[in-house]
Amino acid sequence: MLLLKNFERVNWCVKEKGENMARQSYLEHSAVMVRDIEWSKNFFEKILGMTETRRKEKDGHLKMVWLKGGVQLVAAPEDYKAGQGHHLGIVVEDMPEVLREMLAVKGVHHIEGKPEKWVQLPDGLTLELFQEKPGAIQNVLNIEVK
């Protein structure tokens, strides 16, 4: 198995039982920071038809909203530039193996205080990994939207 170390160019493939085997995954959701979470939620619902599936509140204030269609809105703290990415949620076939491979790459690390499925890449991009339900990735990848 070849892994990326120090971001040098290498051939990427996962070999299992002597054969090349392409690993598959898909973007389950994208989380973005927003200044006015209520306004943003209403915009996505009324203009795009993306209905709320879940919410998280703290001390009576809305902090996060998940919308059908893969968008997660996160209330931006005062000192954060809104409209910026927060994290990508990615469904993977074999989460323990993917985590092991990710954490073997220089500069990739587990995020302190978060469950092990949260990792940060050297450029600051945060990933949240989810274990695939059997057949889910192939079902999603088989959908042709364009």
# chains A, B, ... in the order shown; residues from 1 in each chain; ligands from 1

$ residues_around --residues "Met95 in chain A" --least-positions-apart "5" --cutoff "10 Å" --atoms "only C-alpha atoms" --output "number ranges by chain"
A: 100-101, 117, 129-132

$ select_by_dssp --residues "chain A" --states "alpha helix (DSSP H)" --output "list in words"
Ile37, Glu38, Trp39, Ser40, Lys41, Asn42, Phe43, Phe44, Glu45, Lys46, Ile47, Leu48, Met95, Pro96, Glu97, Val98, Leu99, Arg100, Glu101, Met102, Leu103, Ala136, Ile137, Gln138, Asn139, Val140 and Leu141 of chain A

$ closest_residue --among "A:Leu141, A:Val34, A:Ile90, A:Ala136" --to "Glu78 in chain A" --atoms "only C-alpha atoms"
A:Val34

$ residues_around --residues "range 52-56 of chain A" --least-positions-apart "5" --cutoff "12 Å" --atoms "only C-alpha atoms" --output "VMD selection string"
chain A and resid 37 to 38 40 to 46 61 to 75

$ atom_distance --atom1 "CA of Gly124 in chain A" --atom2 "CA of His29 in chain A"
17.7 Å

$ atom_distance --atom1 "CA of Leu27 in chain A" --atom2 "CA of Leu127 in chain A"
10.2 Å

$ select_by_dssp --residues "range 102-132 of chain A" --states "strand (DSSP E)" --output "number ranges by chain"
A: 109-110, 118-120, 126-131

$ write_last_selection --atoms "N, CA, C and O atoms" --output "compact mmCIF listing (two decimals), in the first residue's frame"
# COMPACT_ATOMS: atom_id res chain seq x y z
N HIS A 109 -3.80 14.98 11.36
CA HIS A 109 -3.92 14.62 12.77
C HIS A 109 -5.38 14.61 13.23
O HIS A 109 -6.24 15.24 12.62
N HIS A 110 -5.60 13.84 14.29
CA HIS A 110 -6.90 13.80 14.97
C HIS A 110 -7.11 15.15 15.64
O HIS A 110 -6.16 15.76 16.11
N TRP A 118 -12.95 12.67 13.39
CA TRP A 118 -12.60 14.02 12.96
C TRP A 118 -11.09 14.13 12.77
O TRP A 118 -10.32 13.85 13.68
N VAL A 119 -10.68 14.55 11.56
CA VAL A 119 -9.26 14.75 11.29
C VAL A 119 -9.05 16.09 10.60
O VAL A 119 -9.96 16.62 9.95
N GLN A 120 -7.84 16.62 10.75
CA GLN A 120 -7.50 17.88 10.10
C GLN A 120 -6.29 17.67 9.20
O GLN A 120 -5.33 17.01 9.60
N THR A 126 -10.83 20.45 7.56
CA THR A 126 -11.30 19.47 8.52
C THR A 126 -12.24 18.49 7.83
O THR A 126 -13.11 18.90 7.05
N LEU A 127 -12.07 17.21 8.12
CA LEU A 127 -12.91 16.16 7.58
C LEU A 127 -13.61 15.43 8.71
O LEU A 127 -13.00 15.16 9.76
N GLU A 128 -14.88 15.11 8.50
CA GLU A 128 -15.65 14.27 9.41
C GLU A 128 -16.01 13.02 8.63
O GLU A 128 -16.67 13.09 7.60
N LEU A 129 -15.55 11.86 9.09
CA LEU A 129 -15.76 10.61 8.37
C LEU A 129 -16.95 9.83 8.93
O LEU A 129 -17.21 9.85 10.13
N PHE A 130 -17.66 9.14 8.02
CA PHE A 130 -18.79 8.30 8.38
C PHE A 130 -18.59 6.94 7.77
O PHE A 130 -18.18 6.82 6.61
N GLN A 131 -18.91 5.89 8.51
CA GLN A 131 -18.86 4.53 7.99
C GLN A 131 -20.05 4.31 7.07
O GLN A 131 -21.18 4.59 7.44

$ atom_distance --atom1 "CA of Leu125 in chain A" --atom2 "CA of Val140 in chain A"
23.7 Å

$ closest_residue --among "A:Ala76, A:Met50, A:Met33, A:Val92" --to "Ile137 in chain A" --atoms "only C-alpha atoms"
A:Val92

$ closest_residue --among "A:Gly60, A:Arg35, A:Leu48, A:Glu97" --to "Asp79 in chain A" --atoms "only C-alpha atoms"
A:Arg35
